[in-house]
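J.: Can you keep this structure in mind? I'll have questions shortly.
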Amino acid sequence: MNADADAEALRTVKDADRKHVFHSWSAQELIDPLAVAGAEGSYFWDYEGNRYLDFSSALVYTNIGYQHPKVAAAIAEQAGRLCTVAPGFAVDVRSEAARLIAERTPGDLDKVFFTNAGAEAVENAVRMARLHTGRPKVMSAYRSYHGATTTAINLTGDARRFGNDSATAGVVHFWGPFPYRSPFYAGTEAEECERALRHLEDTVVFEGPQSIAAIILETVGGAPGVLVPPAGYLAGVREICDRHGIVFILDEVMVGFGRTGRWFAAEHWGVTPDLLCFAKGVTSGYVPLGGVAISAAIADTFARRPYPGGLTYSGHVLACAAAVATINVMEEEGIVEQSARTGAELLGPGLRALAERHPSVGEVRGLGTFWALELVRDARTREPLVPYNASGPENAPMAAFGAALKKGGLWPLLAGNRIHVAPPCTVSAEEVAEGLAVLDGALAVTDAHMA
């Protein structure tokens, strides 16, 4: 396309977007979405020729990068052979996707219920837990995100719940571990783990164990800040669940399929949940797909008792073809191992070096290709750079930081007082160096706001 054609395409796209598209999480008249013209690998670009290194992996799901030819070809081949079939039929590509997923999930999570996305996976996992136990309550952590459907948003422990909280969803929130901002006044990670587990146990006791169907946790907290649990915490939650007959659900929607340098983040701690929710990276976002991996005990509950749930597009064949191709590509190209190496050898050391140069970086944390920088006004008091749930003038320092990153050609994922660093798991060493250089320059903006 020439410059005139690009300009006309931009006008057409933007005009239609502003007239007809209702965007999520936004005041519609206050946003100006970037019009994307194309993408490949770790980059996307707009109609004006601006090219961005995507350190957000879209919404943390392009694990294999944009436009992988083998996955695109598999989707096209499946479309030419069979575009769709009802979920009640057995079909080769759906069965193969379920087999490949079950082979990689921990323990005996050998059955897969397919959904269209992560929120639906959470909804169905909770429904299974309630039916399996006959109990109504579900416990989830503050500083969590589980999706935007009714149960999932009530389970969520961040500000996005506020406008949706029905207070009737049978949800009980508790504080999980977060050593940098410890709710338990812990001085070490070991103390944080011990006190967080004691708090959880106390909450279970005072809510009544006999009323609690499930405890759901993000294996590594994603949207709330890449919260890596201290050693022993997940095993402790598993023990509490076992002792009280509570179903343990791990939400791996964001961290599954290589994001933390393992197929599933639970592998880092040797813990097997009863139900595991997945989505995003299973297809690298090429076609929407999610699901629940189910333990033998819970699957057996519905062996002769109908499961009262289903979706029109459950296990859609185009999505399953994308999943099969994505998993095979990840295996063939060693992408999970690459993610682990990138974290250990490039992102981790590189981000920690930035923290040494920039006083506004309070903490660096992460695994694989999943990291966060906690930005502060005061390194000693750990006062956040912007207040919780800031907007407008209060959020100006983060807005200026984001603008500097985009001007440098890096597309960021900003949340609260943090930048989340989550490039594709396939990101190259040269691309990591490019991104870190842009970050280095832009952090001068946040340093300028130090107290």
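Chain labels A, B, ... are given in the sequence in which chains occur in the structure tokens; within each chain residues are numbered consecutively from 1, and ligands are likewise numbered from 1 in the order shown.
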Could you pull the residues within 8 Å of A:Pro179, counting only C-alpha atoms, minus those fewer than 6 positions along the same chain, as a list in words?
T.: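 The filter keeps Ala186, Gly187, Thr188, Glu189 and Glu192 of chain A.
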J.: At a cut-off of 12 Å, using only C-alpha atoms, what residues contact A:Arg195? Leave out same-chain residues fewer than 5 positions from it and give the result as a PyMOL selection string.
T.: chain A and resi 175-179+182-190+200-202+230+232-233+236
J.: Since we have the selection now, will you write its residues out, keeping all heavy atoms, as a short mmCIF file (atom, residue, chain, number, x, y, z; two decimals), in the first residue's frame?
T.:
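Output contents, as saved in result-v2.cif:
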data_model
loop_
_atom_site.label_atom_id
_atom_site.label_comp_id
_atom_site.auth_asym_id
_atom_site.auth_seq_id
_atom_site.Cartn_x
_atom_site.Cartn_y
_atom_site.Cartn_z
N TRP A 175 -6.26 -12.78 52.10
CA TRP A 175 -4.98 -12.22 51.67
C TRP A 175 -3.99 -13.33 51.36
O TRP A 175 -3.75 -14.21 52.18
CB TRP A 175 -4.39 -11.31 52.76
CG TRP A 175 -5.15 -10.04 52.94
CD1 TRP A 175 -6.00 -9.72 53.96
CD2 TRP A 175 -5.15 -8.93 52.06
NE1 TRP A 175 -6.53 -8.47 53.77
CE2 TRP A 175 -6.02 -7.96 52.60
CE3 TRP A 175 -4.50 -8.63 50.85
CZ2 TRP A 175 -6.25 -6.73 51.99
CZ3 TRP A 175 -4.73 -7.40 50.24
CH2 TRP A 175 -5.59 -6.47 50.81
N GLY A 176 -3.46 -13.30 50.15
CA GLY A 176 -2.38 -14.20 49.78
C GLY A 176 -1.04 -13.59 50.09
O GLY A 176 -0.94 -12.41 50.48
N PRO A 177 0.03 -14.32 49.92
CA PRO A 177 1.36 -13.80 50.23
C PRO A 177 1.83 -12.78 49.20
O PRO A 177 1.56 -12.91 48.01
CB PRO A 177 2.24 -15.06 50.19
CG PRO A 177 1.52 -15.99 49.26
CD PRO A 177 0.07 -15.73 49.47
N PHE A 178 2.52 -11.76 49.67
CA PHE A 178 3.12 -10.74 48.81
C PHE A 178 4.25 -10.11 49.63
O PHE A 178 4.08 -9.08 50.28
CB PHE A 178 2.08 -9.69 48.43
CG PHE A 178 2.55 -8.64 47.46
CD1 PHE A 178 3.78 -8.73 46.81
CD2 PHE A 178 1.77 -7.52 47.20
CE1 PHE A 178 4.21 -7.77 45.90
CE2 PHE A 178 2.19 -6.53 46.31
CZ PHE A 178 3.40 -6.66 45.67
N PRO A 179 5.42 -10.74 49.64
CA PRO A 179 6.49 -10.29 50.55
C PRO A 179 6.84 -8.81 50.43
O PRO A 179 7.15 -8.17 51.44
CB PRO A 179 7.67 -11.19 50.16
CG PRO A 179 7.03 -12.44 49.65
CD PRO A 179 5.80 -11.97 48.93
N SER A 182 3.88 -6.95 52.34
CA SER A 182 3.32 -8.00 53.19
C SER A 182 2.12 -7.52 54.00
O SER A 182 2.23 -6.57 54.78
CB SER A 182 4.38 -8.53 54.14
OG SER A 182 3.79 -9.43 55.06
N PRO A 183 0.97 -8.18 53.85
CA PRO A 183 -0.16 -7.87 54.73
C PRO A 183 0.01 -8.48 56.12
O PRO A 183 -0.81 -8.25 57.01
CB PRO A 183 -1.35 -8.49 53.99
CG PRO A 183 -0.78 -9.59 53.19
CD PRO A 183 0.63 -9.17 52.82
N PHE A 184 1.08 -9.26 56.30
CA PHE A 184 1.29 -9.99 57.56
C PHE A 184 2.52 -9.48 58.33
O PHE A 184 2.94 -10.10 59.30
CB PHE A 184 1.45 -11.48 57.25
CG PHE A 184 0.37 -12.03 56.39
CD1 PHE A 184 0.62 -12.41 55.07
CD2 PHE A 184 -0.93 -12.15 56.87
CE1 PHE A 184 -0.40 -12.90 54.27
CE2 PHE A 184 -1.95 -12.64 56.06
CZ PHE A 184 -1.69 -13.01 54.77
N TYR A 185 3.10 -8.36 57.87
CA TYR A 185 4.26 -7.76 58.54
C TYR A 185 5.41 -8.76 58.67
O TYR A 185 6.12 -8.79 59.67
CB TYR A 185 3.87 -7.21 59.92
CG TYR A 185 2.73 -6.21 59.83
CD1 TYR A 185 1.42 -6.62 60.10
CD2 TYR A 185 2.96 -4.89 59.45
CE1 TYR A 185 0.37 -5.72 59.97
CE2 TYR A 185 1.91 -3.99 59.34
CZ TYR A 185 0.62 -4.41 59.61
OH TYR A 185 -0.42 -3.52 59.49
N ALA A 186 5.57 -9.57 57.62
CA ALA A 186 6.64 -10.57 57.63
C ALA A 186 7.95 -9.94 57.22
O ALA A 186 7.99 -9.02 56.39
CB ALA A 186 6.28 -11.72 56.69
N GLY A 187 9.03 -10.48 57.77
CA GLY A 187 10.35 -9.97 57.43
C GLY A 187 11.08 -10.82 56.42
O GLY A 187 12.08 -10.37 55.84
N THR A 188 10.63 -12.06 56.22
CA THR A 188 11.26 -12.97 55.28
C THR A 188 10.18 -13.68 54.48
O THR A 188 9.00 -13.71 54.87
CB THR A 188 12.10 -14.03 56.01
OG1 THR A 188 11.23 -14.88 56.78
CG2 THR A 188 13.14 -13.38 56.92
N GLU A 189 10.59 -14.30 53.38
CA GLU A 189 9.63 -15.08 52.58
C GLU A 189 9.09 -16.26 53.37
O GLU A 189 7.91 -16.61 53.25
CB GLU A 189 10.27 -15.55 51.28
CG GLU A 189 10.42 -14.47 50.24
CD GLU A 189 10.46 -15.00 48.82
OE1 GLU A 189 10.38 -16.23 48.63
OE2 GLU A 189 10.58 -14.17 47.90
N ALA A 190 9.93 -16.87 54.18
CA ALA A 190 9.47 -17.99 55.00
C ALA A 190 8.39 -17.55 55.98
O ALA A 190 7.37 -18.23 56.17
CB ALA A 190 10.64 -18.63 55.74
N LEU A 200 -5.03 -18.08 56.02
CA LEU A 200 -5.97 -18.84 55.20
C LEU A 200 -6.68 -19.89 56.03
O LEU A 200 -7.91 -20.06 55.95
CB LEU A 200 -5.24 -19.48 54.01
CG LEU A 200 -6.08 -20.39 53.12
CD1 LEU A 200 -7.29 -19.66 52.55
CD2 LEU A 200 -5.20 -20.96 52.00
N GLU A 201 -5.92 -20.61 56.85
CA GLU A 201 -6.52 -21.63 57.71
C GLU A 201 -7.55 -21.01 58.65
O GLU A 201 -8.66 -21.54 58.83
CB GLU A 201 -5.42 -22.34 58.51
CG GLU A 201 -5.93 -23.33 59.56
CD GLU A 201 -6.47 -24.62 58.98
OE1 GLU A 201 -6.09 -24.96 57.84
OE2 GLU A 201 -7.29 -25.29 59.65
N ASP A 202 -7.21 -19.87 59.24
CA ASP A 202 -8.15 -19.20 60.14
C ASP A 202 -9.42 -18.78 59.40
O ASP A 202 -10.53 -18.90 59.92
CB ASP A 202 -7.50 -17.96 60.77
CG ASP A 202 -6.44 -18.31 61.82
OD1 ASP A 202 -6.41 -19.47 62.25
OD2 ASP A 202 -5.66 -17.41 62.17
N PRO A 230 5.79 -17.70 47.50
CA PRO A 230 6.99 -18.20 48.18
C PRO A 230 6.98 -19.72 48.24
O PRO A 230 5.93 -20.36 48.20
CB PRO A 230 6.88 -17.57 49.57
CG PRO A 230 5.44 -17.25 49.77
CD PRO A 230 4.89 -16.96 48.40
N GLY A 232 6.68 -23.31 49.31
CA GLY A 232 5.87 -23.96 50.33
C GLY A 232 4.44 -23.48 50.39
O GLY A 232 3.58 -24.15 51.00
N TYR A 233 4.13 -22.33 49.78
CA TYR A 233 2.77 -21.79 49.93
C TYR A 233 1.74 -22.66 49.21
O TYR A 233 0.72 -23.04 49.81
CB TYR A 233 2.70 -20.36 49.43
CG TYR A 233 1.31 -19.77 49.60
CD1 TYR A 233 0.82 -19.46 50.87
CD2 TYR A 233 0.48 -19.57 48.51
CE1 TYR A 233 -0.45 -18.95 51.04
CE2 TYR A 233 -0.80 -19.05 48.67
CZ TYR A 233 -1.27 -18.75 49.94
OH TYR A 233 -2.54 -18.26 50.11
N GLY A 236 1.16 -25.80 50.92
CA GLY A 236 0.38 -25.58 52.14
C GLY A 236 -1.10 -25.43 51.85
O GLY A 236 -1.95 -25.94 52.59
#
J.: Would you give me, as a PyMOL selection string, the residues in stretch 350-387 of chain A that DSSP reads as strand (DSSP E)?
T.: chain A and resi 361-367+370-378+383-384
J.: Which residues are near A:Leu385? Cut-off 9 Å, only C-alpha atoms, ignore same chain within fewer than 6 positions. Put them as a list in words.
T.: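 The residues that qualify are Ser360, Glu374, Leu375, Val376, Arg377, Asp378, Asn395, Pro397, Met398, Gly416, Asn417, Arg418, Thr446, His449 and Met450 of chain A.
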J.: Please produce a file of the residues just selected, as a CSV table (one decimal), in the first residue's frame, where the atoms kept are N, CA and C atoms.
T.:
chain,number,residue,atom,x,y,z
A,360,SER,N,13.4,4.5,41.1
A,360,SER,CA,11.9,4.3,41.1
A,360,SER,C,11.5,2.8,40.9
A,374,GLU,N,7.9,-3.1,40.0
A,374,GLU,CA,7.1,-2.4,40.9
A,374,GLU,C,7.7,-1.0,41.0
A,375,LEU,N,6.9,0.0,40.6
A,375,LEU,CA,7.5,1.4,40.6
A,375,LEU,C,7.0,2.2,41.8
A,376,VAL,N,7.9,2.9,42.4
A,376,VAL,CA,7.7,3.6,43.7
A,376,VAL,C,8.1,5.0,43.7
A,377,ARG,N,7.5,5.8,44.6
A,377,ARG,CA,7.9,7.2,44.8
A,377,ARG,C,9.1,7.3,45.8
A,378,ASP,N,9.1,6.3,46.7
A,378,ASP,CA,10.1,6.3,47.8
A,378,ASP,C,10.6,4.9,48.0
A,395,ASN,N,-2.9,9.5,38.0
A,395,ASN,CA,-2.2,8.5,37.2
A,395,ASN,C,-1.2,9.1,36.2
A,397,PRO,N,1.9,10.1,36.3
A,397,PRO,CA,3.3,9.6,36.1
A,397,PRO,C,3.3,8.3,35.3
A,398,MET,N,2.4,7.4,35.5
A,398,MET,CA,2.3,6.2,34.7
A,398,MET,C,2.0,6.5,33.3
A,416,GLY,N,-1.7,-0.4,37.3
A,416,GLY,CA,-1.4,0.3,38.5
A,416,GLY,C,-0.1,1.0,38.5
A,417,ASN,N,0.7,0.7,39.5
A,417,ASN,CA,2.1,1.3,39.6
A,417,ASN,C,3.1,0.4,39.0
A,418,ARG,N,2.8,-0.5,38.1
A,418,ARG,CA,3.7,-1.5,37.6
A,418,ARG,C,3.8,-1.5,36.1
A,446,THR,N,9.9,8.0,35.4
A,446,THR,CA,9.4,7.6,36.7
A,446,THR,C,10.4,8.1,37.8
A,449,HIS,N,9.8,11.4,39.4
A,449,HIS,CA,8.6,11.5,40.4
A,449,HIS,C,9.0,11.0,41.7
A,450,MET,N,10.2,10.7,42.0
A,450,MET,CA,10.6,10.2,43.3
A,450,MET,C,10.4,11.3,44.3
J.: Which residue out of A:His146, A:Arg380, A:His23, A:His244 has the minimum interatomic distance to A:Ala213 when only C-alpha atoms are used?
T.: A:His244
J.: DSSP on the backbone: which residues in stretch 31-247 of chain A end up as alpha helix (DSSP H)? Give the answer as a ChimeraX atom specification.
T.: /A:57-60,69-81,92-104,118-133,150-155,189-207,233-244
J.: Quote the spacing between atom CA of A:Thr133 and atom CA of A:Leu197 in Å to one decimal place.
T.: 22.4 Å
J.: Using only C-alpha atoms, which of the listed residues (A:Gly309, A:Gly366, A:Gly118, A:Gly221) sits closest to A:Phe278?
T.: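 That would be A:Gly118, the residue with the smallest distance to A:Phe278.
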J.: Can you tell me, as an MDAnalysis selection string, what residues are no more than 7 Å from stretch 105-113 of chain A when counting only C-alpha atoms, ignoring any on the same chain fewer than 2 positions away?
T.: chainID A and resid 98 101:103 115 264 272 291:296
J.: Can you write out the residues you just picked, keeping C-alpha atoms, as a PDB file, in the first residue's frame?
T.:
ATOM      1  CA  ALA A  98      -7.456 -32.779  24.640  1.00  0.00           C
ATOM      2  CA  ILE A 101      -3.161 -30.898  26.885  1.00  0.00           C
ATOM      3  CA  ALA A 102      -3.759 -33.832  29.240  1.00  0.00           C
ATOM      4  CA  GLU A 103      -0.258 -35.166  28.547  1.00  0.00           C
ATOM      5  CA  THR A 115     -14.591 -23.443  26.843  1.00  0.00           C
ATOM      6  CA  PHE A 264       2.260 -25.116  33.532  1.00  0.00           C
ATOM      7  CA  THR A 272      -1.289 -30.782  41.441  1.00  0.00           C
ATOM      8  CA  GLY A 291     -10.822 -25.122  29.261  1.00  0.00           C
ATOM      9  CA  VAL A 292     -10.702 -26.985  32.524  1.00  0.00           C
ATOM     10  CA  ALA A 293      -8.399 -29.949  33.118  1.00  0.00           C
ATOM     11  CA  ILE A 294     -10.194 -32.261  35.535  1.00  0.00           C
ATOM     12  CA  SER A 295      -8.935 -34.773  38.103  1.00  0.00           C
ATOM     13  CA  ALA A 296     -10.127 -38.364  38.131  1.00  0.00           C
TER      14      ALA A 296
END
J.: Which is closest to A:Glu77 among A:Gly65, A:Thr342, A:Val93, A:Ser314, if we use only C-alpha atoms?
T.: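 Of all the options, A:Val93 lies closest to A:Glu77.
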J.: Would you mind telling me which residue in A:Val226, A:Val126, A:Leu10, A:Ala265 lies nearest to A:Arg104 when using only C-alpha atoms?
T.: A:Ala265
J.: Quick one: residues within 6 Å of A:Ile216, only C-alpha atoms, excluding same-chain residues fewer than 2 positions away - as an NGL selection string?
T.: :A and (140 or 249-250)
J.: With all heavy atoms retained, export the selected residues as a compact mmCIF listing (two decimals), in the first residue's frame.
T.:
# COMPACT_ATOMS: atom_id res chain seq x y z
N SER A 140 -11.20 -16.95 47.30
CA SER A 140 -10.18 -16.46 46.36
C SER A 140 -9.42 -15.32 47.01
O SER A 140 -9.87 -14.72 48.00
CB SER A 140 -10.83 -16.00 45.06
OG SER A 140 -11.67 -14.89 45.28
N ILE A 249 -8.44 -25.28 43.06
CA ILE A 249 -8.46 -24.87 41.66
C ILE A 249 -7.27 -23.94 41.41
O ILE A 249 -7.08 -22.96 42.13
CB ILE A 249 -9.76 -24.11 41.30
CG1 ILE A 249 -11.00 -24.95 41.63
CG2 ILE A 249 -9.76 -23.72 39.82
CD1 ILE A 249 -12.32 -24.18 41.46
N LEU A 250 -6.48 -24.24 40.40
CA LEU A 250 -5.44 -23.31 39.96
C LEU A 250 -5.85 -22.67 38.65
O LEU A 250 -6.24 -23.36 37.70
CB LEU A 250 -4.10 -24.03 39.80
CG LEU A 250 -3.34 -24.34 41.09
CD1 LEU A 250 -2.02 -25.03 40.77
CD2 LEU A 250 -3.08 -23.07 41.91
J.: Here is a test: counting only C-alpha atoms, which residue of A:Ala451, A:Ala355, A:Ala119, A:Val13 is nearest to A:Asp46?
T.: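 For A:Asp46, the nearest of the given residues is A:Val13.
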J.: Hey, what's within 9 Å of A:Thr156 if we count only C-alpha atoms and toss same-chain stuff fewer than 6 positions away? As JSON, numbers by chain, please?
T.: {"A": [140, 141, 142, 143, 144, 145, 146, 147, 148, 173]}
J.: With all heavy atoms retained, could you export that selection as a PDB file, in the first residue's frame?
T.:
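selection_6.pdb written:
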ATOM      1  N   SER A 140     -11.196 -16.948  47.298  1.00  0.00           N
ATOM      2  CA  SER A 140     -10.184 -16.463  46.361  1.00  0.00           C
ATOM      3  C   SER A 140      -9.419 -15.320  47.014  1.00  0.00           C
ATOM      4  O   SER A 140      -9.870 -14.723  47.995  1.00  0.00           O
ATOM      5  CB  SER A 140     -10.827 -16.000  45.056  1.00  0.00           C
ATOM      6  OG  SER A 140     -11.674 -14.888  45.282  1.00  0.00           O
ATOM      7  N   ALA A 141      -8.283 -15.000  46.448  1.00  0.00           N
ATOM      8  CA  ALA A 141      -7.381 -14.025  47.062  1.00  0.00           C
ATOM      9  C   ALA A 141      -7.683 -12.606  46.602  1.00  0.00           C
ATOM     10  O   ALA A 141      -8.100 -12.374  45.466  1.00  0.00           O
ATOM     11  CB  ALA A 141      -5.937 -14.366  46.724  1.00  0.00           C
ATOM     12  N   TYR A 142      -7.451 -11.649  47.507  1.00  0.00           N
ATOM     13  CA  TYR A 142      -7.271 -10.284  47.055  1.00  0.00           C
ATOM     14  C   TYR A 142      -6.017 -10.254  46.180  1.00  0.00           C
ATOM     15  O   TYR A 142      -5.179 -11.142  46.237  1.00  0.00           O
ATOM     16  CB  TYR A 142      -7.102  -9.336  48.246  1.00  0.00           C
ATOM     17  CG  TYR A 142      -8.365  -9.138  49.064  1.00  0.00           C
ATOM     18  CD1 TYR A 142      -8.468  -9.653  50.350  1.00  0.00           C
ATOM     19  CD2 TYR A 142      -9.454  -8.452  48.531  1.00  0.00           C
ATOM     20  CE1 TYR A 142      -9.616  -9.473  51.107  1.00  0.00           C
ATOM     21  CE2 TYR A 142     -10.617  -8.266  49.281  1.00  0.00           C
ATOM     22  CZ  TYR A 142     -10.691  -8.782  50.563  1.00  0.00           C
ATOM     23  OH  TYR A 142     -11.833  -8.610  51.293  1.00  0.00           O
ATOM     24  N   ARG A 143      -5.903  -9.201  45.362  1.00  0.00           N
ATOM     25  CA  ARG A 143      -4.836  -9.146  44.359  1.00  0.00           C
ATOM     26  C   ARG A 143      -4.929 -10.367  43.440  1.00  0.00           C
ATOM     27  O   ARG A 143      -4.001 -11.169  43.337  1.00  0.00           O
ATOM     28  CB  ARG A 143      -3.451  -9.061  45.010  1.00  0.00           C
ATOM     29  CG  ARG A 143      -3.203  -7.816  45.842  1.00  0.00           C
ATOM     30  CD  ARG A 143      -1.719  -7.658  46.151  1.00  0.00           C
ATOM     31  NE  ARG A 143      -1.467  -6.476  46.969  1.00  0.00           N
ATOM     32  CZ  ARG A 143      -1.327  -6.490  48.293  1.00  0.00           C
ATOM     33  NH1 ARG A 143      -1.413  -7.634  48.947  1.00  0.00           N
ATOM     34  NH2 ARG A 143      -1.107  -5.382  48.966  1.00  0.00           N
ATOM     35  N   SER A 144      -6.057 -10.501  42.774  1.00  0.00           N
ATOM     36  CA  SER A 144      -6.229 -11.585  41.811  1.00  0.00           C
ATOM     37  C   SER A 144      -7.132 -11.105  40.697  1.00  0.00           C
ATOM     38  O   SER A 144      -7.853 -10.117  40.849  1.00  0.00           O
ATOM     39  CB  SER A 144      -6.854 -12.812  42.487  1.00  0.00           C
ATOM     40  OG  SER A 144      -8.199 -12.549  42.868  1.00  0.00           O
ATOM     41  N   TYR A 145      -7.068 -11.811  39.572  1.00  0.00           N
ATOM     42  CA  TYR A 145      -8.014 -11.577  38.485  1.00  0.00           C
ATOM     43  C   TYR A 145      -8.392 -12.917  37.882  1.00  0.00           C
ATOM     44  O   TYR A 145      -7.523 -13.696  37.506  1.00  0.00           O
ATOM     45  CB  TYR A 145      -7.432 -10.656  37.402  1.00  0.00           C
ATOM     46  CG  TYR A 145      -8.439 -10.386  36.309  1.00  0.00           C
ATOM     47  CD1 TYR A 145      -9.518  -9.536  36.552  1.00  0.00           C
ATOM     48  CD2 TYR A 145      -8.338 -11.001  35.076  1.00  0.00           C
ATOM     49  CE1 TYR A 145     -10.472  -9.304  35.572  1.00  0.00           C
ATOM     50  CE2 TYR A 145      -9.285 -10.769  34.093  1.00  0.00           C
ATOM     51  CZ  TYR A 145     -10.352  -9.916  34.338  1.00  0.00           C
ATOM     52  OH  TYR A 145     -11.306  -9.699  33.373  1.00  0.00           O
ATOM     53  N   HIS A 146      -9.699 -13.171  37.784  1.00  0.00           N
ATOM     54  CA  HIS A 146     -10.158 -14.463  37.281  1.00  0.00           C
ATOM     55  C   HIS A 146     -11.118 -14.353  36.099  1.00  0.00           C
ATOM     56  O   HIS A 146     -11.638 -15.379  35.639  1.00  0.00           O
ATOM     57  CB  HIS A 146     -10.827 -15.252  38.411  1.00  0.00           C
ATOM     58  CG  HIS A 146      -9.888 -15.642  39.504  1.00  0.00           C
ATOM     59  ND1 HIS A 146      -8.905 -16.601  39.343  1.00  0.00           N
ATOM     60  CD2 HIS A 146      -9.746 -15.181  40.776  1.00  0.00           C
ATOM     61  CE1 HIS A 146      -8.221 -16.733  40.469  1.00  0.00           C
ATOM     62  NE2 HIS A 146      -8.704 -15.879  41.349  1.00  0.00           N
ATOM     63  N   GLY A 147     -11.368 -13.142  35.594  1.00  0.00           N
ATOM     64  CA  GLY A 147     -12.238 -13.007  34.437  1.00  0.00           C
ATOM     65  C   GLY A 147     -13.396 -12.067  34.707  1.00  0.00           C
ATOM     66  O   GLY A 147     -13.594 -11.597  35.828  1.00  0.00           O
ATOM     67  N   ALA A 148     -14.191 -11.807  33.666  1.00  0.00           N
ATOM     68  CA  ALA A 148     -15.220 -10.776  33.748  1.00  0.00           C
ATOM     69  C   ALA A 148     -16.647 -11.318  33.665  1.00  0.00           C
ATOM     70  O   ALA A 148     -17.581 -10.522  33.583  1.00  0.00           O
ATOM     71  CB  ALA A 148     -15.006  -9.732  32.649  1.00  0.00           C
ATOM     72  N   HIS A 173     -13.085 -13.572  50.192  1.00  0.00           N
ATOM     73  CA  HIS A 173     -11.724 -13.200  49.834  1.00  0.00           C
ATOM     74  C   HIS A 173     -10.788 -13.305  51.042  1.00  0.00           C
ATOM     75  O   HIS A 173     -11.205 -13.133  52.185  1.00  0.00           O
ATOM     76  CB  HIS A 173     -11.688 -11.777  49.281  1.00  0.00           C
ATOM     77  CG  HIS A 173     -12.243 -11.663  47.899  1.00  0.00           C
ATOM     78  ND1 HIS A 173     -13.533 -11.249  47.643  1.00  0.00           N
ATOM     79  CD2 HIS A 173     -11.693 -11.925  46.692  1.00  0.00           C
ATOM     80  CE1 HIS A 173     -13.747 -11.251  46.345  1.00  0.00           C
ATOM     81  NE2 HIS A 173     -12.644 -11.662  45.745  1.00  0.00           N
TER      82      HIS A 173
END
J.: I'd like to know which of A:Glu48, A:Glu40, A:Glu207, A:Glu345 is closest to A:Ala429, using only C-alpha atoms.
T.: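 Closest to A:Ala429 of all the choices is A:Glu345.
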J.: When you draw a straight line from atom CA of A:Arg127 to atom CA of A:Ala303, how long is it in Å?
T.: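 It comes out at 15.8 Å.
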